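Chemist: Coordinates in run-v4.cif, mmCIF, C-alpha atoms, are listed below.
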data_run
#
loop_
_atom_site.label_atom_id
_atom_site.label_comp_id
_atom_site.auth_asym_id
_atom_site.auth_seq_id
_atom_site.Cartn_x
_atom_site.Cartn_y
_atom_site.Cartn_z
CA MET A 1 6.05 1.56 27.89
CA ASP A 2 6.97 -1.96 28.94
CA GLN A 3 8.70 -4.01 26.20
CA THR A 4 10.13 -6.84 28.29
CA ARG A 5 8.57 -9.72 26.35
CA SER A 6 8.94 -8.03 22.95
CA ARG A 7 12.67 -7.52 23.58
CA ALA A 8 13.08 -11.15 24.58
CA LEU A 9 11.18 -12.39 21.52
CA PHE A 10 13.14 -10.11 19.20
CA ALA A 11 16.44 -11.35 20.62
CA GLU A 12 15.32 -14.92 19.92
CA ALA A 13 14.10 -14.01 16.44
CA LEU A 14 17.48 -12.54 15.54
CA ARG A 15 18.99 -15.99 16.01
CA CYS A 16 16.85 -17.70 13.37
CA ILE A 17 15.30 -15.02 11.11
CA PRO A 18 17.39 -12.51 9.10
CA GLY A 19 17.14 -9.24 11.00
CA GLY A 20 14.60 -10.87 13.30
CA VAL A 21 11.70 -10.12 10.94
CA ASN A 22 10.05 -11.59 7.85
CA SER A 23 9.67 -8.24 6.08
CA PRO A 24 12.49 -5.68 6.48
CA VAL A 25 10.69 -2.51 7.56
CA ARG A 26 9.22 -4.35 10.57
CA ALA A 27 12.69 -4.38 12.11
CA PHE A 28 12.35 -0.67 13.05
CA GLY A 29 15.74 -0.02 11.42
CA SER A 30 14.91 3.57 10.48
CA VAL A 31 13.30 4.53 13.80
CA GLY A 32 15.46 2.48 16.18
CA GLY A 33 14.43 0.37 19.14
CA THR A 34 12.59 -2.92 19.41
CA PRO A 35 9.42 -3.66 17.44
CA PRO A 36 6.43 -4.61 19.60
CA PHE A 37 5.31 -8.20 19.01
CA ILE A 38 1.56 -8.03 18.45
CA GLU A 39 -0.66 -10.54 20.23
CA ARG A 40 -4.13 -9.62 18.99
CA GLY A 41 -6.28 -6.99 17.33
CA ALA A 42 -9.92 -5.95 17.50
CA GLY A 43 -11.54 -3.14 15.59
CA ALA A 44 -9.17 -0.18 15.44
CA ARG A 45 -6.94 -1.43 18.25
CA LEU A 46 -3.95 -3.70 18.80
CA TRP A 47 -2.44 -5.27 21.92
CA ASP A 48 1.14 -6.47 22.13
CA VAL A 49 2.61 -9.31 24.17
CA ASP A 50 3.49 -6.88 26.97
CA GLY A 51 -0.13 -5.74 27.32
CA ASN A 52 0.34 -2.33 25.65
CA GLU A 53 -2.70 -1.09 23.75
CA TYR A 54 -2.46 0.89 20.53
CA LEU A 55 -4.85 2.73 18.25
CA ASP A 56 -3.84 1.30 14.88
CA PHE A 57 -3.24 3.46 11.79
CA VAL A 58 -1.15 0.87 9.91
CA ALA A 59 -3.99 -1.62 9.30
CA SER A 60 -1.53 -4.39 8.40
CA TRP A 61 -0.06 -1.94 5.83
CA GLY A 62 -3.46 -1.26 4.28
CA PRO A 63 -5.54 -4.45 3.94
CA LEU A 64 -7.67 -4.06 7.07
CA ILE A 65 -10.05 -1.36 5.89
CA LEU A 66 -12.70 -3.04 8.09
CA GLY A 67 -10.40 -3.22 11.11
CA HIS A 68 -9.07 -6.22 12.97
CA ALA A 69 -11.12 -9.39 13.44
CA TYR A 70 -14.16 -7.95 11.67
CA PRO A 71 -16.93 -10.33 12.87
CA PRO A 72 -18.62 -11.14 9.50
CA VAL A 73 -15.23 -11.94 7.95
CA ILE A 74 -14.24 -14.09 10.93
CA ARG A 75 -17.53 -16.01 10.79
CA ARG A 76 -17.09 -16.75 7.08
CA LEU A 77 -13.51 -17.87 7.69
CA GLU A 78 -14.58 -20.21 10.47
CA GLU A 79 -17.14 -21.79 8.15
CA ALA A 80 -14.55 -22.19 5.40
CA LEU A 81 -11.92 -23.59 7.76
CA GLY A 82 -14.22 -26.45 8.70
CA LYS A 83 -14.30 -27.54 5.05
CA GLY A 84 -10.52 -27.66 4.52
CA THR A 85 -7.59 -25.32 4.03
CA SER A 86 -6.40 -26.00 0.46
CA PHE A 87 -7.36 -28.28 -2.40
CA GLY A 88 -5.20 -27.36 -5.37
CA ALA A 89 -8.39 -27.49 -7.40
CA PRO A 90 -11.09 -25.00 -8.44
CA VAL A 91 -13.55 -23.84 -5.77
CA ALA A 92 -16.72 -21.82 -6.23
CA VAL A 93 -15.65 -19.02 -3.90
CA GLU A 94 -12.60 -18.13 -6.01
CA LEU A 95 -14.93 -17.67 -8.97
CA ALA A 96 -17.20 -15.50 -6.82
CA LEU A 97 -14.28 -13.26 -5.83
CA ALA A 98 -13.10 -12.99 -9.44
CA GLN A 99 -16.63 -12.08 -10.58
CA ALA A 100 -16.95 -9.46 -7.83
CA ILE A 101 -13.69 -7.78 -8.83
CA CYS A 102 -14.61 -7.80 -12.53
CA ARG A 103 -17.98 -6.25 -11.70
CA LEU A 104 -16.56 -3.55 -9.44
CA VAL A 105 -13.46 -2.56 -11.42
CA PRO A 106 -14.68 -1.73 -14.95
CA SER A 107 -11.29 -2.09 -16.66
CA VAL A 108 -10.90 -5.67 -15.44
CA GLU A 109 -12.62 -7.98 -17.93
CA LYS A 110 -10.67 -11.08 -16.88
CA ILE A 111 -8.58 -11.69 -13.78
CA ARG A 112 -6.08 -14.21 -12.44
CA LEU A 113 -5.83 -14.70 -8.67
CA VAL A 114 -2.37 -15.18 -7.15
CA SER A 115 -0.95 -15.14 -3.62
CA SER A 116 0.71 -11.73 -3.19
CA GLY A 117 1.03 -8.26 -4.64
CA THR A 118 4.58 -9.02 -5.74
CA GLU A 119 3.38 -12.08 -7.64
CA ALA A 120 0.64 -10.00 -9.27
CA THR A 121 2.95 -7.23 -10.51
CA MET A 122 5.66 -9.69 -11.58
CA SER A 123 3.08 -11.61 -13.61
CA ALA A 124 1.59 -8.46 -15.10
CA ILE A 125 4.88 -7.29 -16.60
CA ARG A 126 5.62 -10.80 -17.93
CA LEU A 127 2.21 -10.69 -19.60
CA ALA A 128 2.89 -7.20 -20.97
CA ARG A 129 6.13 -8.44 -22.49
CA GLY A 130 4.47 -11.53 -23.90
CA PHE A 131 1.59 -9.55 -25.38
CA THR A 132 3.68 -6.78 -26.96
CA GLY A 133 6.83 -8.75 -27.82
CA ARG A 134 8.89 -5.95 -26.24
CA ARG A 135 11.48 -6.24 -23.45
CA LYS A 136 11.63 -3.05 -21.39
CA ILE A 137 9.37 -1.57 -18.72
CA LEU A 138 9.10 1.96 -17.36
CA LYS A 139 8.51 2.57 -13.65
CA PHE A 140 8.71 5.65 -11.45
CA GLU A 141 11.34 6.51 -8.88
CA GLY A 142 10.08 5.80 -5.36
CA CYS A 143 7.18 3.62 -6.49
CA TYR A 144 7.26 0.11 -5.06
CA HIS A 145 5.78 -2.83 -6.93
CA GLY A 146 7.06 -5.67 -4.80
CA HIS A 147 10.43 -7.36 -4.65
CA ALA A 148 10.64 -9.03 -8.07
CA ASP A 149 13.97 -8.35 -9.81
CA ALA A 150 12.53 -5.86 -12.29
CA PHE A 151 11.14 -3.58 -9.59
CA LEU A 152 14.04 -3.06 -7.17
CA VAL A 153 15.42 -0.19 -9.22
CA LYS A 154 14.97 3.14 -7.42
CA ALA A 155 12.17 1.56 -5.40
CA GLY A 156 10.18 2.92 -2.49
CA SER A 157 8.80 1.27 0.68
CA GLY A 158 11.37 -0.75 2.62
CA VAL A 159 14.03 -0.20 -0.05
CA ALA A 160 13.76 3.55 0.48
CA THR A 161 13.46 3.16 4.25
CA LEU A 162 16.68 1.16 4.44
CA GLY A 163 18.45 3.43 1.96
CA ILE A 164 19.35 0.56 -0.38
CA PRO A 165 20.47 2.03 -3.76
CA GLY A 166 20.28 -1.28 -5.60
CA CYS A 167 20.04 -4.96 -4.81
CA PRO A 168 22.80 -7.59 -4.96
CA GLY A 169 21.53 -10.72 -6.64
CA ILE A 170 19.92 -8.88 -9.55
CA PRO A 171 22.08 -9.09 -12.72
CA ALA A 172 22.73 -5.84 -14.54
CA GLU A 173 21.23 -7.45 -17.64
CA VAL A 174 17.90 -7.69 -15.77
CA SER A 175 17.87 -4.31 -14.06
CA GLY A 176 18.94 -2.72 -17.34
CA LEU A 177 15.53 -3.57 -18.78
CA THR A 178 13.82 -1.36 -16.17
CA LEU A 179 13.74 2.33 -17.07
CA THR A 180 12.91 4.95 -14.44
CA VAL A 181 11.77 8.56 -14.40
CA PRO A 182 10.50 10.82 -11.60
CA TYR A 183 6.87 10.43 -10.57
CA ASN A 184 4.58 13.24 -11.77
CA ASP A 185 7.12 14.29 -14.44
CA ALA A 186 5.24 14.15 -17.74
CA ALA A 187 8.13 15.68 -19.68
CA ALA A 188 10.52 12.95 -18.50
CA VAL A 189 8.00 10.29 -19.52
CA ALA A 190 7.57 11.84 -22.95
CA ASP A 191 11.33 11.96 -23.48
CA MET A 192 11.79 8.34 -22.39
CA VAL A 193 8.94 7.12 -24.59
CA ARG A 194 10.31 9.04 -27.55
CA ARG A 195 13.64 7.20 -27.18
CA GLU A 196 12.44 3.75 -26.10
CA ALA A 197 8.90 3.23 -27.45
CA ALA A 198 9.87 0.51 -29.93
CA ASP A 199 11.08 -1.76 -27.08
CA LEU A 200 8.80 -0.57 -24.24
CA ALA A 201 6.23 -3.17 -23.18
CA CYS A 202 4.51 -1.25 -20.39
CA VAL A 203 4.45 1.67 -18.03
CA ILE A 204 3.65 0.58 -14.48
CA VAL A 205 2.58 3.15 -11.93
CA GLU A 206 0.94 3.51 -8.55
CA PRO A 207 -1.93 5.87 -9.49
CA VAL A 208 -1.47 7.34 -6.03
CA ALA A 209 2.08 6.72 -4.91
CA ALA A 210 1.93 5.29 -1.39
CA ASN A 211 5.38 3.75 -0.94
CA MET A 212 7.42 6.94 -0.80
CA GLY A 213 4.79 8.21 1.57
CA VAL A 214 1.49 9.32 0.04
CA VAL A 215 2.06 11.36 -3.13
CA PRO A 216 -1.07 12.02 -5.24
CA PRO A 217 -0.84 12.36 -9.01
CA ALA A 218 -0.48 15.88 -10.36
CA ASP A 219 -3.43 17.24 -12.31
CA GLY A 220 -3.44 15.66 -15.75
CA PHE A 221 -0.60 13.20 -15.04
CA LEU A 222 -2.63 9.99 -15.20
CA PRO A 223 -4.60 11.05 -18.31
CA PHE A 224 -1.27 11.92 -19.93
CA LEU A 225 0.08 8.43 -19.19
CA ARG A 226 -3.04 6.93 -20.74
CA GLU A 227 -2.72 9.06 -23.86
CA ILE A 228 0.99 8.53 -24.52
CA THR A 229 0.96 4.78 -23.89
CA ALA A 230 -2.06 4.26 -26.13
CA ALA A 231 -0.40 6.28 -28.89
CA HIS A 232 2.65 3.97 -28.91
CA GLY A 233 1.07 0.56 -28.29
CA ILE A 234 2.49 0.44 -24.75
CA LEU A 235 0.39 -1.18 -22.05
CA LEU A 236 -0.52 0.98 -19.06
CA VAL A 237 -0.44 -0.98 -15.79
CA PHE A 238 -1.98 0.47 -12.64
CA ASP A 239 -0.56 -1.02 -9.47
CA GLU A 240 -3.58 -0.76 -7.19
CA VAL A 241 -2.32 -3.16 -4.54
CA ILE A 242 -2.76 -0.32 -2.03
CA THR A 243 -5.36 1.91 -3.69
CA GLY A 244 -7.67 -0.87 -4.90
CA PHE A 245 -10.92 -0.65 -2.86
CA ARG A 246 -9.21 1.96 -0.64
CA LEU A 247 -10.20 5.07 -2.63
CA GLY A 248 -13.48 3.61 -3.82
CA LEU A 249 -15.08 0.38 -5.00
CA GLY A 250 -13.56 0.86 -8.45
CA GLY A 251 -10.14 1.86 -7.14
CA ALA A 252 -8.07 4.90 -8.04
CA GLN A 253 -8.76 4.37 -11.73
CA THR A 254 -12.46 5.03 -11.21
CA HIS A 255 -11.73 7.85 -8.76
CA TYR A 256 -9.55 9.63 -11.34
CA GLY A 257 -11.44 8.48 -14.43
CA VAL A 258 -8.48 6.82 -16.18
CA THR A 259 -8.69 3.29 -17.61
CA PRO A 260 -5.50 1.17 -17.61
CA ASP A 261 -4.90 -1.91 -19.73
CA LEU A 262 -3.89 -4.05 -16.74
CA THR A 263 -4.47 -3.69 -13.01
CA THR A 264 -2.73 -5.38 -10.12
CA LEU A 265 -4.50 -5.83 -6.80
CA GLY A 266 -3.77 -7.21 -3.35
CA LYS A 267 -4.16 -6.28 0.32
CA ILE A 268 -7.90 -5.43 0.70
CA ILE A 269 -9.01 -8.18 -1.72
CA GLY A 270 -7.62 -10.72 0.76
CA GLY A 271 -9.31 -9.28 3.84
CA GLY A 272 -6.07 -9.73 5.81
CA LEU A 273 -5.02 -13.03 4.24
CA PRO A 274 -2.39 -13.38 1.46
CA VAL A 275 -3.99 -12.68 -1.94
CA GLY A 276 -2.99 -10.86 -5.08
CA ALA A 277 -4.50 -10.54 -8.55
CA TYR A 278 -3.82 -9.14 -11.99
CA GLY A 279 -6.42 -8.50 -14.63
CA GLY A 280 -7.54 -6.27 -17.45
CA ARG A 281 -8.48 -6.32 -21.10
CA SER A 282 -9.76 -9.67 -22.35
CA ASP A 283 -7.46 -9.68 -25.39
CA VAL A 284 -4.42 -9.17 -23.16
CA MET A 285 -5.49 -11.67 -20.50
CA ALA A 286 -6.14 -14.25 -23.24
CA HIS A 287 -2.35 -14.62 -23.45
CA VAL A 288 -2.18 -16.13 -19.93
CA ALA A 289 -1.78 -19.92 -19.75
CA PRO A 290 -3.63 -22.19 -20.22
CA GLU A 291 -5.59 -19.96 -22.59
CA GLY A 292 -2.40 -18.53 -24.04
CA PRO A 293 1.39 -18.98 -24.02
CA VAL A 294 2.44 -16.70 -21.10
CA TYR A 295 2.98 -19.10 -18.23
CA GLN A 296 2.13 -18.36 -14.60
CA ALA A 297 0.96 -20.76 -11.92
CA GLY A 298 0.61 -21.09 -8.15
CA THR A 299 -0.23 -24.02 -5.90
CA LEU A 300 -2.10 -21.82 -3.43
CA SER A 301 -3.61 -19.39 -5.94
CA GLY A 302 -7.32 -19.02 -5.20
CA ASN A 303 -6.81 -20.52 -1.74
CA PRO A 304 -10.30 -21.07 -0.28
CA LEU A 305 -9.54 -19.37 3.05
CA ALA A 306 -7.94 -16.30 1.49
CA VAL A 307 -10.62 -15.78 -1.16
CA THR A 308 -13.36 -16.30 1.44
CA ALA A 309 -11.92 -13.48 3.55
CA GLY A 310 -11.53 -11.30 0.47
CA LEU A 311 -15.06 -11.89 -0.81
CA ALA A 312 -16.55 -11.24 2.63
CA THR A 313 -14.59 -7.99 2.79
CA LEU A 314 -15.72 -6.78 -0.63
CA GLU A 315 -19.34 -7.67 0.13
CA ALA A 316 -19.16 -5.71 3.39
CA LEU A 317 -17.65 -2.71 1.60
CA GLU A 318 -20.39 -2.77 -1.02
CA GLN A 319 -23.09 -2.96 1.65
CA MET A 320 -21.54 -0.10 3.63
CA GLU A 321 -21.25 2.01 0.50
CA ARG A 322 -24.94 1.45 -0.29
CA ASP A 323 -26.11 2.04 3.28
CA GLU A 324 -23.99 4.95 4.40
CA GLY A 325 -21.73 6.16 1.60
CA LEU A 326 -18.68 4.51 3.15
CA TYR A 327 -16.05 6.12 0.96
CA ALA A 328 -17.42 9.62 1.48
CA ARG A 329 -17.34 8.94 5.23
CA LEU A 330 -13.76 7.69 5.03
CA ALA A 331 -12.82 10.82 3.10
CA ARG A 332 -14.47 12.98 5.77
CA LEU A 333 -12.55 11.17 8.49
CA GLY A 334 -9.36 11.65 6.49
CA ASP A 335 -10.12 15.37 6.14
CA HIS A 336 -10.85 15.63 9.87
CA LEU A 337 -7.49 14.09 10.68
CA ALA A 338 -5.67 16.24 8.14
CA ASP A 339 -7.29 19.45 9.41
CA GLY A 340 -6.27 18.59 12.95
CA ILE A 341 -2.67 17.85 11.98
CA ARG A 342 -2.44 21.13 10.09
CA ARG A 343 -3.78 22.99 13.15
CA ASP A 344 -1.10 21.33 15.27
CA LEU A 345 1.59 22.37 12.81
CA GLU A 346 0.32 25.95 12.87
CA ARG A 347 0.15 26.03 16.69
CA LEU A 348 3.71 24.76 16.93
CA ASN A 349 4.95 26.91 14.03
CA LEU A 350 6.30 23.87 12.21
CA ARG A 351 6.82 23.84 8.45
CA LEU A 352 6.12 20.23 7.58
CA THR A 353 4.24 18.83 4.58
CA LEU A 354 1.06 16.77 4.85
CA ASN A 355 -0.09 14.83 1.78
CA THR A 356 -3.46 13.09 1.68
CA ALA A 357 -5.54 10.97 -0.66
CA GLY A 358 -8.93 9.94 0.71
CA SER A 359 -8.30 7.83 3.81
CA MET A 360 -4.49 7.78 3.35
CA ALA A 361 -2.02 10.38 4.59
CA THR A 362 1.67 11.00 5.21
CA LEU A 363 3.22 13.75 7.31
CA PHE A 364 6.58 14.46 5.68
CA PHE A 365 9.22 15.91 7.95
CA THR A 366 10.28 18.44 5.34
CA ASP A 367 8.95 21.76 4.11
CA GLY A 368 7.90 22.47 0.55
CA ALA A 369 5.71 20.40 -1.72
CA VAL A 370 6.29 16.65 -1.95
CA ARG A 371 5.40 15.54 -5.46
CA ASP A 372 8.04 12.88 -6.22
CA PHE A 373 10.68 10.74 -4.54
CA ALA A 374 13.38 13.40 -4.62
CA SER A 375 11.24 15.81 -2.62
CA ALA A 376 10.07 13.05 -0.25
CA ALA A 377 13.69 12.02 0.34
CA ARG A 378 14.48 15.46 1.79
CA SER A 379 12.54 14.42 4.91
CA ASP A 380 14.31 14.39 8.26
CA THR A 381 14.04 10.67 9.00
CA GLN A 382 15.77 10.95 12.37
CA ARG A 383 13.20 13.51 13.49
CA TYR A 384 10.45 11.24 12.19
CA GLY A 385 11.90 8.44 14.33
CA ARG A 386 11.61 10.59 17.44
CA TYR A 387 8.04 11.49 16.53
CA PHE A 388 7.19 7.84 15.84
CA TRP A 389 8.31 6.72 19.30
CA GLU A 390 6.51 9.58 21.04
CA MET A 391 3.32 8.57 19.25
CA LEU A 392 3.84 4.89 20.10
CA ARG A 393 4.36 5.72 23.79
CA ARG A 394 1.06 7.59 23.67
CA GLY A 395 -0.70 4.55 22.19
CA ILE A 396 -0.74 5.49 18.50
CA TYR A 397 0.60 2.82 16.14
CA LEU A 398 2.09 4.30 12.96
CA ALA A 399 4.34 2.86 10.27
CA PRO A 400 7.97 2.70 11.46
CA SER A 401 9.10 4.56 8.34
CA GLN A 402 8.78 8.07 6.96
CA PHE A 403 8.07 6.60 3.53
CA GLU A 404 4.78 4.81 4.24
CA ALA A 405 1.11 5.72 4.58
CA CYS A 406 -1.16 6.28 7.55
CA PHE A 407 -4.52 4.57 7.00
CA VAL A 408 -7.93 5.55 8.37
CA SER A 409 -10.28 2.57 8.40
CA ALA A 410 -14.03 2.11 8.55
CA VAL A 411 -13.87 1.28 12.27
CA HIS A 412 -12.12 4.51 13.27
CA THR A 413 -14.35 7.10 14.90
CA GLU A 414 -13.99 10.83 15.34
CA ALA A 415 -13.19 10.11 18.98
CA ASP A 416 -10.30 7.91 17.82
CA LEU A 417 -9.04 10.73 15.63
CA GLU A 418 -9.16 13.13 18.57
CA LEU A 419 -6.99 10.68 20.54
CA PHE A 420 -4.58 10.68 17.60
CA LEU A 421 -4.51 14.48 17.48
CA ARG A 422 -3.93 14.90 21.22
CA ALA A 423 -0.98 12.54 20.93
CA ASN A 424 0.18 14.21 17.71
CA TYR A 425 0.50 17.66 19.28
CA GLU A 426 2.55 16.38 22.20
CA ALA A 427 4.69 14.09 20.05
CA LEU A 428 5.53 16.88 17.61
CA LYS A 429 6.40 19.20 20.47
CA VAL A 430 8.84 16.66 21.93
CA ALA A 431 10.29 15.72 18.53
CA PHE A 432 11.19 19.35 17.83
CA GLU A 433 12.55 20.26 21.23
CA LYS A 434 15.99 21.77 20.96
#
Could you spell out this file's structure in structure tokens?
Modeler:
Amino acid sequence: MDQTRSRALFAEALRCIPGGVNSPVRAFGSVGGTPPFIERGAGARLWDVDGNEYLDFVASWGPLILGHAYPPVIRRLEEALGKGTSFGAPVAVELALAQAICRLVPSVEKIRLVSSGTEATMSAIRLARGFTGRRKILKFEGCYHGHADAFLVKAGSGVATLGIPGCPGIPAEVSGLTLTVPYNDAAAVADMVRREAADLACVIVEPVAANMGVVPPADGFLPFLREITAAHGILLVFDEVITGFRLGLGGAQTHYGVTPDLTTLGKIIGGGLPVGAYGGRSDVMAHVAPEGPVYQAGTLSGNPLAVTAGLATLEALEQMERDEGLYARLARLGDHLADGIRRDLERLNLRLTLNTAGSMATLFFTDGAVRDFASAARSDTQRYGRYFWEMLRRGIYLAPSQFEACFVSAVHTEADLELFLRANYEALKVAFEK
């Protein structure tokens, strides 16, 4: 696999960008080697600056459920671009996106658009504190809610990938307000709430953890969180930045039948452009300025290009769901891929763990069930790195980290999945050679 131009670009990037990348996991630190610099994408495929072609299962880390350069989205963007890029004033299309989200996600009665998932989750916990008058939040080990100070305590995603135990620059007084317990551990939650309820503003959770790798909720875990938070006047916040519109039009909360007080969204609602959002109960959202006293603002919030791409994406997803049962098809494709991976593991006599949730999956390089961050962290990350490069050389683009998700998108076909599986068998065989 030729990487001549990518290596040259990366060497230049190291001179002016920390680590040569603008988001840490892109640096390939946990898998080694040089990241390919991508030139373009179309459908389910990517091409890098050296002309290498890849079948993409990263989907820009989840947003591109319709694939790269989806024509209806591109056409709408071109129309919007001709009208201007930013106004710092209300536009009709941001209202249309807000109305679409409120209609599709039943728990969201009012919503505020922002520019990233981190901004959405950061704002949601500020609102939870302002609404309840309490200081502390509870999160789960290995869940990642962006890089705001409150969330970089036992976090997943790039923090887990890089093995960073904490983060310089965050005062102990701030991190001390974030409580953590293991994901899927109802007893630990109950104990923490018993001790801290009087000062606990919210519990924030990924309803399907997808930043320690994919870890679905245990049976009854999400209903338990709803019950215990409601009993103590604690707000329940679902971080659906990844799962929103990925598991269904109503997100994971509709899929699992659990209604949070606040929801954070991102990724898919921007159609590949930077967008985030937080929303929920009207009485809670009424505390957001200018309606209420909890201040949050953003010059580019509701940016006309970003919300145009997001609205076009949601409209396409709705149409596909009506016409063909999109989410059932995505689940079938996910099952097809999972069945094939499990066959490969059986053929090669490998005891690895595959977790799935709809069109998301992670192959953990460890045996035994993976139900929380401690069990995910047992994975052999060096072996994963070997597997990753063998897949990349065979034209399959996966996340350069054991602790991320593989995404099947609407543009993937069964033929694409067979290409994946042919590469998977060979890559596993090489990765486990003595």
Chemist: Would you translate the PyMOL selection byres ((chain A and resi 361) around 7) into the concrete set of residues it matches in this file, as a list in words?
Modeler: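 For this structure, the PyMOL selection byres ((chain A and resi 361) around 7) resolves to Val214, Asn355, Thr356, Ala357, Ser359, Met360, Thr362, Leu363, Ala405, Cys406 and Phe407 of chain A.
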Chemist: So how many Å separate CA of Val174 in chain A and CA of Ala120 in chain A, to one decimal?
Modeler: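 Distance between the two atoms: 18.6 Å.
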Chemist: Would you list the contacts of Ile65 in chain A as a PyMOL selection string, taking every protein, DNA or RNA residue within 12 Å and counting all atoms listed in the file, but skipping same-chain residues closer than 2 positions in sequence?
Modeler: chain A and resi 43-44+56-63+67-70+73+242-248+267-272+310+313-314+316-317+320+326-327+330+359-360+406-412
Chemist: Could you dump the residues just selected with C-alpha atoms as a PDB file, keeping the file's coordinate frame?
Modeler:
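Final output, saved to again_29.pdb:
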ATOM      1  CA  GLY A  43     -11.540  -3.140  15.590  1.00  0.00           C
ATOM      2  CA  ALA A  44      -9.170  -0.180  15.440  1.00  0.00           C
ATOM      3  CA  ASP A  56      -3.840   1.300  14.880  1.00  0.00           C
ATOM      4  CA  PHE A  57      -3.240   3.460  11.790  1.00  0.00           C
ATOM      5  CA  VAL A  58      -1.150   0.870   9.910  1.00  0.00           C
ATOM      6  CA  ALA A  59      -3.990  -1.620   9.300  1.00  0.00           C
ATOM      7  CA  SER A  60      -1.530  -4.390   8.400  1.00  0.00           C
ATOM      8  CA  TRP A  61      -0.060  -1.940   5.830  1.00  0.00           C
ATOM      9  CA  GLY A  62      -3.460  -1.260   4.280  1.00  0.00           C
ATOM     10  CA  PRO A  63      -5.540  -4.450   3.940  1.00  0.00           C
ATOM     11  CA  GLY A  67     -10.400  -3.220  11.110  1.00  0.00           C
ATOM     12  CA  HIS A  68      -9.070  -6.220  12.970  1.00  0.00           C
ATOM     13  CA  ALA A  69     -11.120  -9.390  13.440  1.00  0.00           C
ATOM     14  CA  TYR A  70     -14.160  -7.950  11.670  1.00  0.00           C
ATOM     15  CA  VAL A  73     -15.230 -11.940   7.950  1.00  0.00           C
ATOM     16  CA  ILE A 242      -2.760  -0.320  -2.030  1.00  0.00           C
ATOM     17  CA  THR A 243      -5.360   1.910  -3.690  1.00  0.00           C
ATOM     18  CA  GLY A 244      -7.670  -0.870  -4.900  1.00  0.00           C
ATOM     19  CA  PHE A 245     -10.920  -0.650  -2.860  1.00  0.00           C
ATOM     20  CA  ARG A 246      -9.210   1.960  -0.640  1.00  0.00           C
ATOM     21  CA  LEU A 247     -10.200   5.070  -2.630  1.00  0.00           C
ATOM     22  CA  GLY A 248     -13.480   3.610  -3.820  1.00  0.00           C
ATOM     23  CA  LYS A 267      -4.160  -6.280   0.320  1.00  0.00           C
ATOM     24  CA  ILE A 268      -7.900  -5.430   0.700  1.00  0.00           C
ATOM     25  CA  ILE A 269      -9.010  -8.180  -1.720  1.00  0.00           C
ATOM     26  CA  GLY A 270      -7.620 -10.720   0.760  1.00  0.00           C
ATOM     27  CA  GLY A 271      -9.310  -9.280   3.840  1.00  0.00           C
ATOM     28  CA  GLY A 272      -6.070  -9.730   5.810  1.00  0.00           C
ATOM     29  CA  GLY A 310     -11.530 -11.300   0.470  1.00  0.00           C
ATOM     30  CA  THR A 313     -14.590  -7.990   2.790  1.00  0.00           C
ATOM     31  CA  LEU A 314     -15.720  -6.780  -0.630  1.00  0.00           C
ATOM     32  CA  ALA A 316     -19.160  -5.710   3.390  1.00  0.00           C
ATOM     33  CA  LEU A 317     -17.650  -2.710   1.600  1.00  0.00           C
ATOM     34  CA  MET A 320     -21.540  -0.100   3.630  1.00  0.00           C
ATOM     35  CA  LEU A 326     -18.680   4.510   3.150  1.00  0.00           C
ATOM     36  CA  TYR A 327     -16.050   6.120   0.960  1.00  0.00           C
ATOM     37  CA  LEU A 330     -13.760   7.690   5.030  1.00  0.00           C
ATOM     38  CA  SER A 359      -8.300   7.830   3.810  1.00  0.00           C
ATOM     39  CA  MET A 360      -4.490   7.780   3.350  1.00  0.00           C
ATOM     40  CA  CYS A 406      -1.160   6.280   7.550  1.00  0.00           C
ATOM     41  CA  PHE A 407      -4.520   4.570   7.000  1.00  0.00           C
ATOM     42  CA  VAL A 408      -7.930   5.550   8.370  1.00  0.00           C
ATOM     43  CA  SER A 409     -10.280   2.570   8.400  1.00  0.00           C
ATOM     44  CA  ALA A 410     -14.030   2.110   8.550  1.00  0.00           C
ATOM     45  CA  VAL A 411     -13.870   1.280  12.270  1.00  0.00           C
ATOM     46  CA  HIS A 412     -12.120   4.510  13.270  1.00  0.00           C
TER      47      HIS A 412
END
Chemist: Rounded to one decimal in Å, what is the spacing between CA of His145 in chain A and CA of Glu206 in chain A?
Modeler: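 CA of Glu206 in chain A lies 8.1 Å from CA of His145 in chain A.
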Chemist: Tell me, in Å to one decimal, how far CA of Ala252 in chain A is from CA of Ala198 in chain A.
Modeler: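 Going from CA of Ala252 in chain A over to CA of Ala198 in chain A covers 28.6 Å.
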Chemist: Tell me which of A:Ile74, A:Cys102, A:Ala230, A:Val31 sits closest to Gly280 in chain A, counting all atoms listed in the file.
Modeler: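 Closest candidate: A:Cys102.
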Chemist: Ranking A:Val25, A:Leu421, A:Ala148, A:Met391 by minimum distance to Leu337 in chain A and counting only C-alpha atoms, which one comes first?
Modeler: A:Leu421
Chemist: Determine, counting all atoms listed in the file, every residue of protein, DNA or RNA that lies within 12 Å of (9.6, 16.1, -15.3) in the file coordinates, then give the result as a ChimeraX atom specification.
Modeler: /A:140-141,180-192,218,221,371-372,374
Chemist: Nearest residue to Arg76 in chain A out of A:Ile396, A:Ala312, A:Ile111, A:Leu348, using only C-alpha atoms?
Modeler: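 Selected residue with least distance to Arg76 in chain A: A:Ala312.
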Chemist: So, with all atoms listed in the file as the atoms that count, which of A:Arg45, A:Arg126, A:Lys139, A:Arg112 lies closest to Leu225 in chain A?
Modeler: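 Distance minimum relative to Leu225 in chain A lands on A:Lys139.
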Chemist: I need the residue nearest Met212 in chain A from this list: A:Ala100, A:Ala309, A:Leu262, A:Ala376. Use all atoms listed in the file for the distance.
Modeler: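 Distance minimum relative to Met212 in chain A lands on A:Ala376.
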